[in-house]
file run_18.csv (CSV, C-alpha atoms (C1' of nucleotides))
chain,number,residue,atom,x,y,z
A,1,MET,CA,-57.2,-2.1,-66.6
A,2,ALA,CA,-57.6,-2.7,-70.3
A,3,SER,CA,-55.2,-0.5,-72.3
A,4,ILE,CA,-55.4,-0.3,-76.0
A,5,ALA,CA,-53.8,1.6,-78.8
A,6,SER,CA,-55.0,5.1,-79.2
A,7,HIS,CA,-56.4,4.5,-82.7
A,8,SER,CA,-57.5,1.2,-84.1
A,9,LEU,CA,-58.6,0.4,-87.6
A,10,ILE,CA,-61.4,-2.0,-87.1
A,11,TRP,CA,-64.6,-3.3,-88.7
A,12,VAL,CA,-67.6,-1.7,-87.3
A,13,LYS,CA,-71.0,-3.3,-87.8
A,14,THR,CA,-73.5,-0.6,-88.8
A,15,LYS,CA,-77.2,-0.6,-89.4
A,16,THR,CA,-78.7,-1.1,-92.8
A,17,LYS,CA,-81.8,0.8,-93.8
A,18,SER,CA,-83.0,3.8,-91.9
A,19,GLN,CA,-82.2,3.4,-88.3
A,20,ALA,CA,-84.5,3.7,-85.3
A,21,VAL,CA,-82.2,6.3,-83.8
A,22,ALA,CA,-83.6,8.5,-81.1
A,23,LYS,CA,-84.0,12.0,-82.4
A,24,PRO,CA,-84.7,15.2,-80.4
A,25,PRO,CA,-88.5,14.8,-79.8
A,26,LYS,CA,-91.0,16.9,-81.7
A,27,ASP,CA,-94.2,18.2,-80.2
A,28,ASN,CA,-96.0,15.1,-81.5
A,29,SER,CA,-93.4,12.5,-80.7
A,30,PRO,CA,-94.5,9.7,-78.4
A,31,ILE,CA,-93.6,10.2,-74.8
A,32,THR,CA,-91.2,7.2,-75.0
A,33,GLU,CA,-88.8,9.3,-77.1
A,34,HIS,CA,-88.3,11.8,-74.3
A,35,LEU,CA,-85.1,11.4,-72.2
A,36,ALA,CA,-87.0,12.5,-69.1
A,37,TYR,CA,-89.5,9.7,-69.6
A,38,LEU,CA,-87.0,7.0,-70.4
A,39,LEU,CA,-85.0,7.9,-67.2
A,40,ALA,CA,-88.1,7.8,-65.1
A,41,GLN,CA,-89.2,4.5,-66.6
A,42,ALA,CA,-85.8,2.9,-66.1
A,43,ASN,CA,-85.4,4.3,-62.7
A,44,ARG,CA,-88.8,3.0,-61.7
A,45,GLU,CA,-88.1,-0.5,-62.9
A,46,ILE,CA,-84.6,-0.8,-61.4
A,47,ASN,CA,-85.7,0.7,-58.2
A,48,ARG,CA,-88.6,-1.7,-58.0
A,49,GLN,CA,-86.3,-4.6,-58.4
A,50,LEU,CA,-83.9,-3.4,-55.7
A,51,GLU,CA,-86.8,-2.7,-53.4
A,52,MET,CA,-87.9,-6.3,-53.8
A,53,ARG,CA,-84.4,-7.5,-52.9
A,54,LEU,CA,-84.1,-5.3,-49.9
A,55,SER,CA,-87.6,-6.2,-48.6
A,56,LYS,CA,-85.9,-9.4,-47.4
A,57,GLU,CA,-84.5,-7.1,-44.6
A,58,GLY,CA,-87.6,-5.0,-44.4
A,59,VAL,CA,-85.8,-1.9,-45.3
A,60,PRO,CA,-86.6,0.8,-47.9
A,61,VAL,CA,-84.1,1.7,-50.6
A,62,GLU,CA,-83.5,5.1,-49.0
A,63,GLN,CA,-82.3,3.5,-45.8
A,64,TRP,CA,-79.8,1.4,-47.7
A,65,ARG,CA,-78.5,4.6,-49.2
A,66,ILE,CA,-78.2,6.3,-45.8
A,67,LEU,CA,-76.4,3.3,-44.2
A,68,LYS,CA,-74.1,3.0,-47.1
A,69,VAL,CA,-73.1,6.7,-47.1
A,70,LEU,CA,-72.6,6.7,-43.3
A,71,SER,CA,-70.6,3.5,-43.5
A,72,ASP,CA,-67.4,5.4,-44.2
A,73,GLY,CA,-67.4,5.9,-40.5
A,74,ASN,CA,-67.2,9.7,-40.7
A,75,GLY,CA,-69.9,11.9,-39.3
A,76,HIS,CA,-72.1,13.5,-41.9
A,77,SER,CA,-74.3,16.5,-41.4
A,78,MET,CA,-78.0,16.2,-42.3
A,79,GLY,CA,-77.6,18.6,-45.2
A,80,GLU,CA,-74.7,16.7,-46.6
A,81,LEU,CA,-76.5,13.4,-46.1
A,82,ALA,CA,-79.7,14.7,-47.7
A,83,ASP,CA,-77.8,15.6,-50.9
A,84,ALA,CA,-76.0,12.3,-50.9
A,85,VAL,CA,-79.1,10.1,-50.5
A,86,LEU,CA,-81.4,12.1,-52.8
A,87,LEU,CA,-83.9,13.1,-50.1
A,88,ASN,CA,-85.3,16.5,-49.1
A,89,HIS,CA,-84.3,17.7,-45.6
A,90,PRO,CA,-87.6,17.1,-43.8
A,91,THR,CA,-88.0,13.7,-45.4
A,92,LEU,CA,-84.6,12.8,-44.2
A,93,THR,CA,-85.2,14.1,-40.7
A,94,LYS,CA,-88.2,11.8,-40.3
A,95,MET,CA,-86.5,8.8,-41.8
A,96,VAL,CA,-83.6,9.3,-39.5
A,97,ASP,CA,-85.9,9.5,-36.6
A,98,ARG,CA,-87.2,6.1,-37.4
A,99,MET,CA,-83.6,4.7,-37.9
A,100,VAL,CA,-82.6,6.2,-34.5
A,101,SER,CA,-85.6,4.4,-33.0
A,102,ASP,CA,-84.3,1.2,-34.6
A,103,ALA,CA,-80.8,1.9,-33.2
A,104,LEU,CA,-79.3,1.9,-36.7
A,105,VAL,CA,-77.8,5.4,-36.6
A,106,TYR,CA,-77.3,8.1,-34.0
A,107,ARG,CA,-77.0,11.9,-33.9
A,108,VAL,CA,-74.2,13.9,-32.4
A,109,GLN,CA,-74.1,17.6,-32.2
A,110,ASP,CA,-71.2,19.0,-34.2
A,111,PRO,CA,-68.8,20.6,-31.7
A,112,LYS,CA,-67.3,22.8,-34.5
A,113,ASP,CA,-70.7,24.2,-35.6
A,114,ARG,CA,-73.5,23.6,-33.2
A,115,ARG,CA,-76.1,24.3,-35.8
A,116,LYS,CA,-75.1,21.0,-37.3
A,117,VAL,CA,-75.9,17.5,-36.4
A,118,LEU,CA,-73.5,14.7,-37.3
A,119,MET,CA,-74.9,11.4,-38.2
A,120,PHE,CA,-73.1,8.1,-37.4
A,121,VAL,CA,-73.9,4.5,-38.0
A,122,SER,CA,-74.2,2.1,-35.1
A,123,ASP,CA,-72.8,-1.4,-34.9
A,124,ARG,CA,-76.2,-2.7,-35.6
A,125,GLY,CA,-76.5,-0.4,-38.6
A,126,LYS,CA,-73.1,-1.5,-39.9
A,127,ALA,CA,-74.2,-5.2,-39.7
A,128,LEU,CA,-77.4,-4.4,-41.5
A,129,SER,CA,-75.5,-2.3,-44.1
A,130,LYS,CA,-73.4,-5.3,-44.9
A,131,ARG,CA,-76.3,-7.5,-45.6
A,132,LEU,CA,-78.0,-4.8,-47.7
A,133,ASN,CA,-74.9,-4.3,-49.7
A,134,SER,CA,-74.8,-8.0,-50.6
A,135,LEU,CA,-78.4,-7.8,-51.8
A,136,ALA,CA,-77.7,-4.6,-53.8
A,137,VAL,CA,-74.5,-6.0,-55.4
A,138,SER,CA,-76.4,-9.2,-56.3
A,139,GLN,CA,-79.1,-7.2,-57.9
A,140,GLU,CA,-76.6,-5.4,-60.1
A,141,GLU,CA,-74.9,-8.7,-61.0
A,142,HIS,CA,-78.3,-9.9,-62.1
A,143,ILE,CA,-78.8,-6.8,-64.3
A,144,VAL,CA,-75.4,-7.4,-65.8
A,145,GLU,CA,-76.3,-10.9,-66.7
A,146,SER,CA,-79.3,-10.0,-68.9
A,147,TYR,CA,-78.1,-6.6,-70.0
A,148,GLY,CA,-74.5,-7.2,-70.5
A,149,ASP,CA,-71.2,-5.9,-69.1
A,150,LYS,CA,-70.5,-3.5,-71.9
A,151,SER,CA,-73.9,-1.9,-71.8
A,152,THR,CA,-74.0,-1.6,-68.1
A,153,ASN,CA,-70.6,0.2,-67.9
A,154,GLU,CA,-71.4,2.4,-70.9
A,155,LEU,CA,-74.7,3.4,-69.3
A,156,LYS,CA,-73.1,4.2,-66.0
A,157,ARG,CA,-70.5,6.3,-67.8
A,158,LEU,CA,-73.2,8.2,-69.7
A,159,LEU,CA,-75.3,8.8,-66.6
A,160,GLU,CA,-72.3,10.2,-64.7
A,161,SER,CA,-71.5,12.6,-67.4
A,162,LEU,CA,-75.2,13.6,-67.8
A,163,ILE,CA,-75.2,14.5,-64.1
A,164,ASP,CA,-71.9,16.3,-64.4
A,165,SER,CA,-73.2,18.3,-67.3
A,166,SER,CA,-76.3,19.3,-65.3
A,167,ASN,CA,-74.3,21.2,-62.7
B,1,MET,CA,-83.8,8.9,-92.4
B,2,ALA,CA,-80.1,8.3,-92.7
B,3,SER,CA,-79.2,5.2,-94.5
B,4,ILE,CA,-75.7,3.8,-94.5
B,5,ALA,CA,-73.8,0.8,-95.8
B,6,SER,CA,-74.1,-2.3,-93.8
B,7,HIS,CA,-70.4,-2.4,-93.0
B,8,SER,CA,-68.0,0.5,-93.0
B,9,LEU,CA,-64.3,0.5,-92.5
B,10,ILE,CA,-63.7,3.5,-90.3
B,11,TRP,CA,-61.4,5.0,-87.8
B,12,VAL,CA,-62.5,4.7,-84.3
B,13,LYS,CA,-61.1,6.8,-81.6
B,14,THR,CA,-60.2,4.7,-78.6
B,15,LYS,CA,-59.0,5.5,-75.1
B,16,THR,CA,-55.3,5.5,-74.2
B,17,LYS,CA,-54.1,4.5,-70.7
B,18,SER,CA,-56.2,2.7,-68.2
B,19,GLN,CA,-59.7,3.9,-68.2
B,20,ALA,CA,-61.8,5.0,-65.3
B,21,VAL,CA,-64.4,2.4,-66.3
B,22,ALA,CA,-67.2,1.6,-64.0
B,23,LYS,CA,-66.9,-1.9,-62.5
B,24,PRO,CA,-69.5,-4.1,-60.9
B,25,PRO,CA,-69.7,-2.6,-57.4
B,26,LYS,CA,-68.1,-4.4,-54.5
B,27,ASP,CA,-69.6,-4.4,-51.0
B,28,ASN,CA,-67.4,-1.4,-50.1
B,29,SER,CA,-67.8,0.6,-53.3
B,30,PRO,CA,-69.2,4.0,-52.9
B,31,ILE,CA,-72.9,4.3,-53.7
B,32,THR,CA,-72.1,6.4,-56.7
B,33,GLU,CA,-70.9,3.3,-58.5
B,34,HIS,CA,-74.3,1.6,-58.3
B,35,LEU,CA,-76.4,1.7,-61.4
B,36,ALA,CA,-79.6,2.0,-59.3
B,37,TYR,CA,-78.1,5.1,-57.6
B,38,LEU,CA,-76.9,6.8,-60.8
B,39,LEU,CA,-80.3,6.2,-62.4
B,40,ALA,CA,-82.1,7.7,-59.4
B,41,GLN,CA,-79.8,10.7,-59.3
B,42,ALA,CA,-80.0,11.4,-63.0
B,43,ASN,CA,-83.8,11.0,-62.9
B,44,ARG,CA,-84.1,13.3,-59.9
B,45,GLU,CA,-82.1,16.0,-61.6
B,46,ILE,CA,-83.8,15.9,-65.0
B,47,ASN,CA,-87.2,15.6,-63.5
B,48,ARG,CA,-86.5,18.6,-61.3
B,49,GLN,CA,-85.5,20.6,-64.3
B,50,LEU,CA,-88.6,19.6,-66.2
B,51,GLU,CA,-90.8,20.3,-63.2
B,52,MET,CA,-89.4,23.8,-63.2
B,53,ARG,CA,-90.3,24.4,-66.8
B,54,LEU,CA,-93.8,23.0,-66.5
B,55,SER,CA,-94.4,25.1,-63.4
B,56,LYS,CA,-95.0,27.9,-65.8
B,57,GLU,CA,-98.3,26.2,-66.5
B,58,GLY,CA,-98.8,25.1,-62.9
B,59,VAL,CA,-98.9,21.5,-63.9
B,60,PRO,CA,-96.9,18.5,-62.4
B,61,VAL,CA,-94.9,16.3,-64.7
B,62,GLU,CA,-97.3,13.4,-64.3
B,63,GLN,CA,-100.1,15.5,-65.8
B,64,TRP,CA,-98.0,16.3,-68.8
B,65,ARG,CA,-97.5,12.5,-69.3
B,66,ILE,CA,-101.2,11.9,-69.0
B,67,LEU,CA,-102.1,14.6,-71.5
B,68,LYS,CA,-99.4,13.5,-73.9
B,69,VAL,CA,-100.5,9.8,-73.8
B,70,LEU,CA,-104.1,10.8,-74.3
B,71,SER,CA,-103.3,13.2,-77.1
B,72,ASP,CA,-103.4,10.4,-79.6
B,73,GLY,CA,-107.1,10.9,-79.5
B,74,ASN,CA,-107.9,7.3,-78.7
B,75,GLY,CA,-109.5,6.3,-75.5
B,76,HIS,CA,-107.2,4.7,-72.9
B,77,SER,CA,-108.4,2.6,-70.0
B,78,MET,CA,-107.1,3.5,-66.5
B,79,GLY,CA,-104.9,0.4,-66.3
B,80,GLU,CA,-103.3,1.1,-69.7
B,81,LEU,CA,-102.8,4.7,-68.7
B,82,ALA,CA,-101.3,3.9,-65.3
B,83,ASP,CA,-98.7,1.7,-67.0
B,84,ALA,CA,-97.9,4.3,-69.6
B,85,VAL,CA,-97.5,7.2,-67.2
B,86,LEU,CA,-95.7,5.3,-64.5
B,87,LEU,CA,-98.3,5.7,-61.8
B,88,ASN,CA,-100.0,3.3,-59.5
B,89,HIS,CA,-103.7,2.8,-60.1
B,90,PRO,CA,-105.0,4.7,-57.0
B,91,THR,CA,-102.6,7.5,-57.6
B,92,LEU,CA,-103.8,7.9,-61.1
B,93,THR,CA,-107.4,7.7,-60.2
B,94,LYS,CA,-107.0,10.7,-57.8
B,95,MET,CA,-104.9,12.7,-60.2
B,96,VAL,CA,-107.5,12.1,-63.0
B,97,ASP,CA,-110.2,13.3,-60.6
B,98,ARG,CA,-108.4,16.6,-60.3
B,99,MET,CA,-107.9,16.8,-64.1
B,100,VAL,CA,-111.6,16.1,-64.6
B,101,SER,CA,-112.4,19.0,-62.2
B,102,ASP,CA,-110.1,21.2,-64.3
B,103,ALA,CA,-111.9,20.0,-67.5
B,104,LEU,CA,-108.7,18.7,-69.0
B,105,VAL,CA,-109.8,15.1,-69.5
B,106,TYR,CA,-113.1,13.1,-69.2
B,107,ARG,CA,-114.2,9.6,-68.5
B,108,VAL,CA,-116.3,7.4,-70.7
B,109,GLN,CA,-117.4,3.9,-69.7
B,110,ASP,CA,-116.1,1.4,-72.2
B,111,PRO,CA,-119.1,0.0,-74.1
B,112,LYS,CA,-117.2,-3.2,-75.0
B,113,ASP,CA,-116.2,-3.9,-71.4
B,114,ARG,CA,-118.1,-2.1,-68.8
B,115,ARG,CA,-115.5,-2.7,-66.1
B,116,LYS,CA,-113.3,-0.3,-68.0
B,117,VAL,CA,-113.3,3.4,-68.1
B,118,LEU,CA,-111.9,5.1,-71.2
B,119,MET,CA,-110.1,8.4,-70.7
B,120,PHE,CA,-110.1,11.1,-73.3
B,121,VAL,CA,-108.5,14.5,-73.5
B,122,SER,CA,-110.8,17.6,-73.8
B,123,ASP,CA,-110.1,20.5,-76.1
B,124,ARG,CA,-108.9,22.5,-73.2
B,125,GLY,CA,-106.6,19.6,-72.4
B,126,LYS,CA,-105.3,19.4,-75.9
B,127,ALA,CA,-104.5,23.1,-75.9
B,128,LEU,CA,-102.6,22.7,-72.6
B,129,SER,CA,-100.8,19.7,-73.9
B,130,LYS,CA,-99.4,21.6,-76.8
B,131,ARG,CA,-98.0,24.3,-74.5
B,132,LEU,CA,-96.5,21.6,-72.2
B,133,ASN,CA,-95.0,19.8,-75.1
B,134,SER,CA,-93.2,22.9,-76.2
B,135,LEU,CA,-91.8,23.3,-72.7
B,136,ALA,CA,-90.7,19.7,-72.6
B,137,VAL,CA,-89.1,19.8,-76.0
B,138,SER,CA,-87.2,22.9,-75.1
B,139,GLN,CA,-86.0,21.3,-72.0
B,140,GLU,CA,-84.6,18.4,-74.0
B,141,GLU,CA,-83.0,20.8,-76.4
B,142,HIS,CA,-81.3,22.5,-73.5
B,143,ILE,CA,-80.0,19.2,-72.3
B,144,VAL,CA,-78.6,18.4,-75.8
B,145,GLU,CA,-76.8,21.7,-75.8
B,146,SER,CA,-74.7,21.0,-72.8
B,147,TYR,CA,-74.6,17.2,-72.9
B,148,GLY,CA,-74.3,16.7,-76.7
B,149,ASP,CA,-76.3,15.1,-79.4
B,150,LYS,CA,-74.3,11.9,-79.5
B,151,SER,CA,-74.4,11.3,-75.8
B,152,THR,CA,-78.1,12.0,-75.6
B,153,ASN,CA,-79.0,9.6,-78.3
B,154,GLU,CA,-76.7,6.9,-77.0
B,155,LEU,CA,-78.1,7.3,-73.5
B,156,LYS,CA,-81.6,7.0,-74.8
B,157,ARG,CA,-80.7,3.9,-76.8
B,158,LEU,CA,-79.2,2.3,-73.7
B,159,LEU,CA,-82.1,3.2,-71.5
B,160,GLU,CA,-84.5,1.6,-74.0
B,161,SER,CA,-82.5,-1.6,-74.1
B,162,LEU,CA,-82.2,-1.7,-70.3
B,163,ILE,CA,-85.9,-1.5,-70.0
B,164,ASP,CA,-86.4,-4.1,-72.7
B,165,SER,CA,-84.0,-6.5,-71.0
B,166,SER,CA,-85.9,-6.1,-67.7
B,167,ASN,CA,-89.1,-7.6,-69.1
C,1,DC,C1',-69.6,44.7,-29.3
C,2,DT,C1',-74.1,44.6,-31.5
C,3,DT,C1',-77.3,43.6,-34.7
C,4,DC,C1',-79.0,41.6,-38.7
C,5,DA,C1',-78.7,38.3,-42.3
C,6,DA,C1',-77.6,33.6,-43.6
C,7,DT,C1',-77.2,28.7,-42.4
C,8,DT,C1',-78.8,24.4,-40.4
C,9,DG,C1',-82.1,21.4,-38.8
C,10,DT,C1',-86.7,20.3,-37.1
C,11,DT,C1',-91.8,20.7,-36.6
C,12,DG,C1',-96.7,20.8,-37.8
C,13,DA,C1',-100.2,21.3,-41.2
C,14,DA,C1',-101.4,20.4,-45.8
C,15,DT,C1',-100.9,17.4,-49.5
C,16,DA,C1',-100.0,13.1,-51.8
C,17,DT,C1',-99.3,8.3,-52.1
C,18,DT,C1',-100.0,3.6,-50.9
C,19,DC,C1',-102.3,-0.5,-49.0
C,20,DA,C1',-106.2,-3.2,-48.3
C,21,DA,C1',-110.9,-3.7,-49.0
C,22,DT,C1',-114.8,-3.0,-52.0
C,23,DA,C1',-118.0,-2.9,-56.0
C,24,DT,C1',-118.9,-4.0,-60.6
C,25,DT,C1',-118.4,-6.6,-64.7
C,26,DT,C1',-116.5,-10.3,-67.4
C,27,DT,C1',-114.7,-15.0,-68.1
C,28,DC,C1',-114.9,-19.6,-67.9
C,29,DA,C1',-115.5,-24.2,-66.1
C,30,DA,C1',-118.9,-27.4,-64.6
D,1,DT,C1',-127.0,-21.5,-67.1
D,2,DT,C1',-124.9,-20.8,-63.0
D,3,DG,C1',-121.4,-19.8,-59.8
D,4,DA,C1',-116.7,-19.0,-58.7
D,5,DA,C1',-112.6,-16.7,-60.1
D,6,DA,C1',-110.3,-13.0,-62.5
D,7,DA,C1',-110.0,-8.3,-64.1
D,8,DT,C1',-110.9,-3.4,-63.6
D,9,DA,C1',-111.5,0.8,-61.1
D,10,DT,C1',-112.4,3.3,-57.0
D,11,DT,C1',-112.5,4.3,-52.0
D,12,DG,C1',-111.0,5.2,-47.2
D,13,DA,C1',-107.6,4.7,-43.8
D,14,DA,C1',-102.8,4.6,-42.9
D,15,DT,C1',-98.5,6.3,-44.2
D,16,DA,C1',-95.2,9.4,-46.3
D,17,DT,C1',-93.8,13.6,-48.4
D,18,DT,C1',-93.7,18.5,-48.9
D,19,DC,C1',-94.3,23.3,-47.8
D,20,DA,C1',-93.9,27.1,-44.8
D,21,DA,C1',-92.8,28.6,-40.4
D,22,DC,C1',-89.8,28.3,-36.6
D,23,DA,C1',-85.6,27.9,-33.4
D,24,DA,C1',-80.9,27.9,-32.7
D,25,DT,C1',-76.4,29.1,-34.1
D,26,DT,C1',-73.0,31.4,-36.9
D,27,DG,C1',-71.0,35.0,-39.8
D,28,DA,C1',-70.2,39.5,-40.9
D,29,DA,C1',-71.0,44.4,-41.5
D,30,DG,C1',-71.2,48.6,-39.1

call {"tool": "encode", "arguments": {"input": "run_18.csv", "output": "structure tokens"}}
result
Amino acid sequence: MASIASHSLIWVKTKTKSQAVAKPPKDNSPITEHLAYLLAQANREINRQLEMRLSKEGVPVEQWRILKVLSDGNGHSMGELADAVLLNHPTLTKMVDRMVSDALVYRVQDPKDRRKVLMFVSDRGKALSKRLNSLAVSQEEHIVESYGDKSTNELKRLLESLIDSSN
Amino acid sequence: MASIASHSLIWVKTKTKSQAVAKPPKDNSPITEHLAYLLAQANREINRQLEMRLSKEGVPVEQWRILKVLSDGNGHSMGELADAVLLNHPTLTKMVDRMVSDALVYRVQDPKDRRKVLMFVSDRGKALSKRLNSLAVSQEEHIVESYGDKSTNELKRLLESLIDSSN
DNA sequence: CTTCAATTGTTGAATATTCAATATTTTCAA
DNA sequence: TTGAAAATATTGAATATTCAACAATTGAAG
């Protein structure tokens, strides 16, 4: 990992003239200045691109998430899984039903707490998961190409800390 | 607007030690290292918060967007509006149907191109829009409180440029 | 122990979204 | 000028999501 001195005296290029810096939106600001809108817009676009990649395997983005989370080999309860893959419980139940039909995952009742169901990924699911991961990684590489390494990493860092600060 | 010299010699605080910097994800990276996932997660959380605020007026986030876009007073065609508010055309048509029933907006056939329908906001819609904007602005202020001004502005800037680079 | 509240997951009905087909109008080439 | 293709918006059927109610199990207080 890059390690640099704790303080550096460097030239920083700064904007001339009044900057188009995002300000807290006023009542009459365009919607494009709202963080909530920018997040929705960026998410929609990136998700659309990923969806197109994954369509090669005929699988929705949510199933990639499910397979990826389960690929640690441990059993995950439905509740846990729902949080991890950003789906409501009933939506997850029904998507898992489909994936069970497709023999990608299977349910096991948790012996420690029989209210719970532990989800596992099948061999078939693991194989699919690998192919999906390649597609997802290649999408992110494509983003990095046009958007840049620095920006991508900085954006990820900021998103993580936004999520942290929202809990 | 703030105006500063075009180059400044300043102290920049930099990280000591190896940083926990996000790297391009590998096949076996956790899903939380994928940009697509972080965007979905952040969007879900911020959208959920906004939804809760707007529920005071019994209005979904999408209707706030529609009213906000139409609040410039100009007529907007359905296609234009669909793009702006991040909805598919048929979804928008049906949501607009509801809003017309609620007397928030109305349709006018475009005299220049009669394939098009121009959408306008009613007085009632304008009044509601104002109240919704207050709620949305106060949400963003709340985010800025816990997340910080710098981070918020930087995040917005990066999201804008991500979107730009994706077109 | 027993009972009642909380947790976990699923189901079915109600609602919303999406896909494909349609209708209308405009554009443009022949 | 005409006819075919493109653009725009809507519709209805198919699909997906959500809400509220339910069933099963556990936890915990009395």

call {"tool": "calpha_fit_rmsd", "arguments": {"input": "run_18.csv", "fixed": "chain A", "moving": "chain B"}}
result
0.9 Å

call {"tool": "closest_residue", "arguments": {"input": "run_18.csv", "among": "C:DT2, C:DT7, C:DC19, C:DA13", "to": "chain A", "atoms": "all atoms listed in the file"}}
result
C:DT7

call {"tool": "residues_around", "arguments": {"input": "run_18.csv", "residues": "DT10 (chain D)", "least_positions_apart": "3", "cutoff": "9 Å", "atoms": "all atoms listed in the file", "output": "MDAnalysis selection string"}}
result
(chainID B and resid 90 93) or (chainID C and resid 22:23)

call {"tool": "interface_residues", "arguments": {"input": "run_18.csv", "of": "chain C", "to": "chain A", "cutoff": "12 Å", "atoms": "only C-alpha atoms (C1' of nucleotides)", "output": "list in words"}}
result
DT7, DT8, DG9, DT10, DT11 and DG12 of chain C

call {"tool": "axis_aligned_box", "arguments": {"input": "run_18.csv", "around": "region 96-108 of chain B", "padding_each_side": "4 Å", "output": "lines of an AutoDock Vina configuration file"}}
result
center_x = -111.9
center_y = 14.3
center_z = -65.5
size_x = 16.8
size_y = 21.8
size_z = 18.4

call {"tool": "atom_distance", "arguments": {"input": "run_18.csv", "atom1": "CA of Glu51 (chain A)", "atom2": "CA of Ala136 (chain A)"}}
result
9.3 Å

call {"tool": "residues_around", "arguments": {"input": "run_18.csv", "residues": "Phe120 (chain B)", "least_positions_apart": "5", "cutoff": "6 Å", "atoms": "all atoms listed in the file", "output": "PDB file with C-alpha atoms, keeping the file's coordinate frame"}}
result
ATOM      1  CA  GLY B  75    -109.500   6.300 -75.500  1.00  0.00           C
ATOM      2  CA  VAL B 105    -109.800  15.100 -69.500  1.00  0.00           C
ATOM      3  CA  TYR B 106    -113.100  13.100 -69.200  1.00  0.00           C
TER       4      TYR B 106
END

call {"tool": "residues_around", "arguments": {"input": "run_18.csv", "residues": "DA20 (chain C)", "least_positions_apart": "3", "cutoff": "12 Å", "atoms": "all atoms listed in the file", "output": "list of chain:residue names"}}
result
B:Pro90, D:DT11, D:DG12, D:DA13, D:DA14

call {"tool": "residues_near_point", "arguments": {"input": "run_18.csv", "point": "(-84.0, 11.9, -52.9)", "cutoff": "8 Å", "atoms": "only C-alpha atoms (C1' of nucleotides)", "output": "PyMOL selection string"}}
result
(chain A and resi 62+82-83+85-88) or (chain B and resi 40-41+44)

call {"tool": "closest_residue", "arguments": {"input": "run_18.csv", "among": "B:Ser122, B:Ser101, B:Ser29, B:Asn74", "to": "chain A", "atoms": "all atoms listed in the file"}}
result
B:Ser29

call {"tool": "residues_around", "arguments": {"input": "run_18.csv", "residues": "Asp164 (chain B)", "least_positions_apart": "4", "cutoff": "12 Å", "atoms": "all atoms listed in the file", "output": "list in words"}}
result
Leu38, Gln41, Ala42, Glu45, Ile46, Ile143, Ser146 and Tyr147 of chain A; Arg157, Leu158, Leu159 and Glu160 of chain B

call {"tool": "write_last_selection", "arguments": {"input": "run_18.csv", "atoms": "C-alpha atoms", "output": "PDB file, in the coordinates of the input"}}
result
ATOM      1  CA  LEU A  38     -87.000   7.000 -70.400  1.00  0.00           C
ATOM      2  CA  GLN A  41     -89.200   4.500 -66.600  1.00  0.00           C
ATOM      3  CA  ALA A  42     -85.800   2.900 -66.100  1.00  0.00           C
ATOM      4  CA  GLU A  45     -88.100  -0.500 -62.900  1.00  0.00           C
ATOM      5  CA  ILE A  46     -84.600  -0.800 -61.400  1.00  0.00           C
ATOM      6  CA  ILE A 143     -78.800  -6.800 -64.300  1.00  0.00           C
ATOM      7  CA  SER A 146     -79.300 -10.000 -68.900  1.00  0.00           C
ATOM      8  CA  TYR A 147     -78.100  -6.600 -70.000  1.00  0.00           C
TER       9      TYR A 147
ATOM     10  CA  ARG B 157     -80.700   3.900 -76.800  1.00  0.00           C
ATOM     11  CA  LEU B 158     -79.200   2.300 -73.700  1.00  0.00           C
ATOM     12  CA  LEU B 159     -82.100   3.200 -71.500  1.00  0.00           C
ATOM     13  CA  GLU B 160     -84.500   1.600 -74.000  1.00  0.00           C
TER      14      GLU B 160
END

call {"tool": "closest_residue", "arguments": {"input": "run_18.csv", "among": "B:Asn167, B:Thr91, B:Ser151, B:Ser161", "to": "chain D", "atoms": "all atoms listed in the file"}}
result
B:Thr91

call {"tool": "interface_residues", "arguments": {"input": "run_18.csv", "of": "chain D", "to": "chain A", "cutoff": "9 Å", "atoms": "all atoms listed in the file", "output": "JSON, numbers by chain"}}
result
{"D": [16, 17, 18, 24, 25, 26]}

call {"tool": "closest_residue", "arguments": {"input": "run_18.csv", "among": "A:Gln49, A:Ser138, A:Ser165, A:Ser55", "to": "chain B", "atoms": "all atoms listed in the file"}}
result
A:Ser165

call {"tool": "atom_distance", "arguments": {"input": "run_18.csv", "atom1": "CA of Ser166 (chain B)", "atom2": "CA of Lys56 (chain A)"}}
result
20.6 Å

call {"tool": "decode", "arguments": {"input": "run_18.csv", "residues": "region 66-70 of chain A", "atoms": "N, CA, C and O atoms", "output": "PDB file, in the first residue's frame"}}
result
ATOM      1  N   ILE A  66     -27.153 -12.206  -4.152  1.00  0.00           N
ATOM      2  CA  ILE A  66     -27.460 -13.355  -3.293  1.00  0.00           C
ATOM      3  C   ILE A  66     -26.377 -14.416  -3.417  1.00  0.00           C
ATOM      4  O   ILE A  66     -25.837 -14.896  -2.423  1.00  0.00           O
ATOM      5  N   LEU A  67     -26.042 -14.776  -4.640  1.00  0.00           N
ATOM      6  CA  LEU A  67     -25.024 -15.808  -4.843  1.00  0.00           C
ATOM      7  C   LEU A  67     -23.688 -15.366  -4.267  1.00  0.00           C
ATOM      8  O   LEU A  67     -22.960 -16.157  -3.663  1.00  0.00           O
ATOM      9  N   LYS A  68     -23.372 -14.097  -4.452  1.00  0.00           N
ATOM     10  CA  LYS A  68     -22.085 -13.599  -3.955  1.00  0.00           C
ATOM     11  C   LYS A  68     -22.018 -13.684  -2.437  1.00  0.00           C
ATOM     12  O   LYS A  68     -21.022 -14.134  -1.863  1.00  0.00           O
ATOM     13  N   VAL A  69     -23.078 -13.261  -1.778  1.00  0.00           N
ATOM     14  CA  VAL A  69     -23.079 -13.294  -0.310  1.00  0.00           C
ATOM     15  C   VAL A  69     -23.016 -14.735   0.194  1.00  0.00           C
ATOM     16  O   VAL A  69     -22.284 -15.056   1.133  1.00  0.00           O
ATOM     17  N   LEU A  70     -23.744 -15.615  -0.454  1.00  0.00           N
ATOM     18  CA  LEU A  70     -23.757 -17.015   0.001  1.00  0.00           C
ATOM     19  C   LEU A  70     -22.459 -17.743  -0.337  1.00  0.00           C
ATOM     20  O   LEU A  70     -22.189 -18.816   0.203  1.00  0.00           O
TER      21      LEU A  70
END
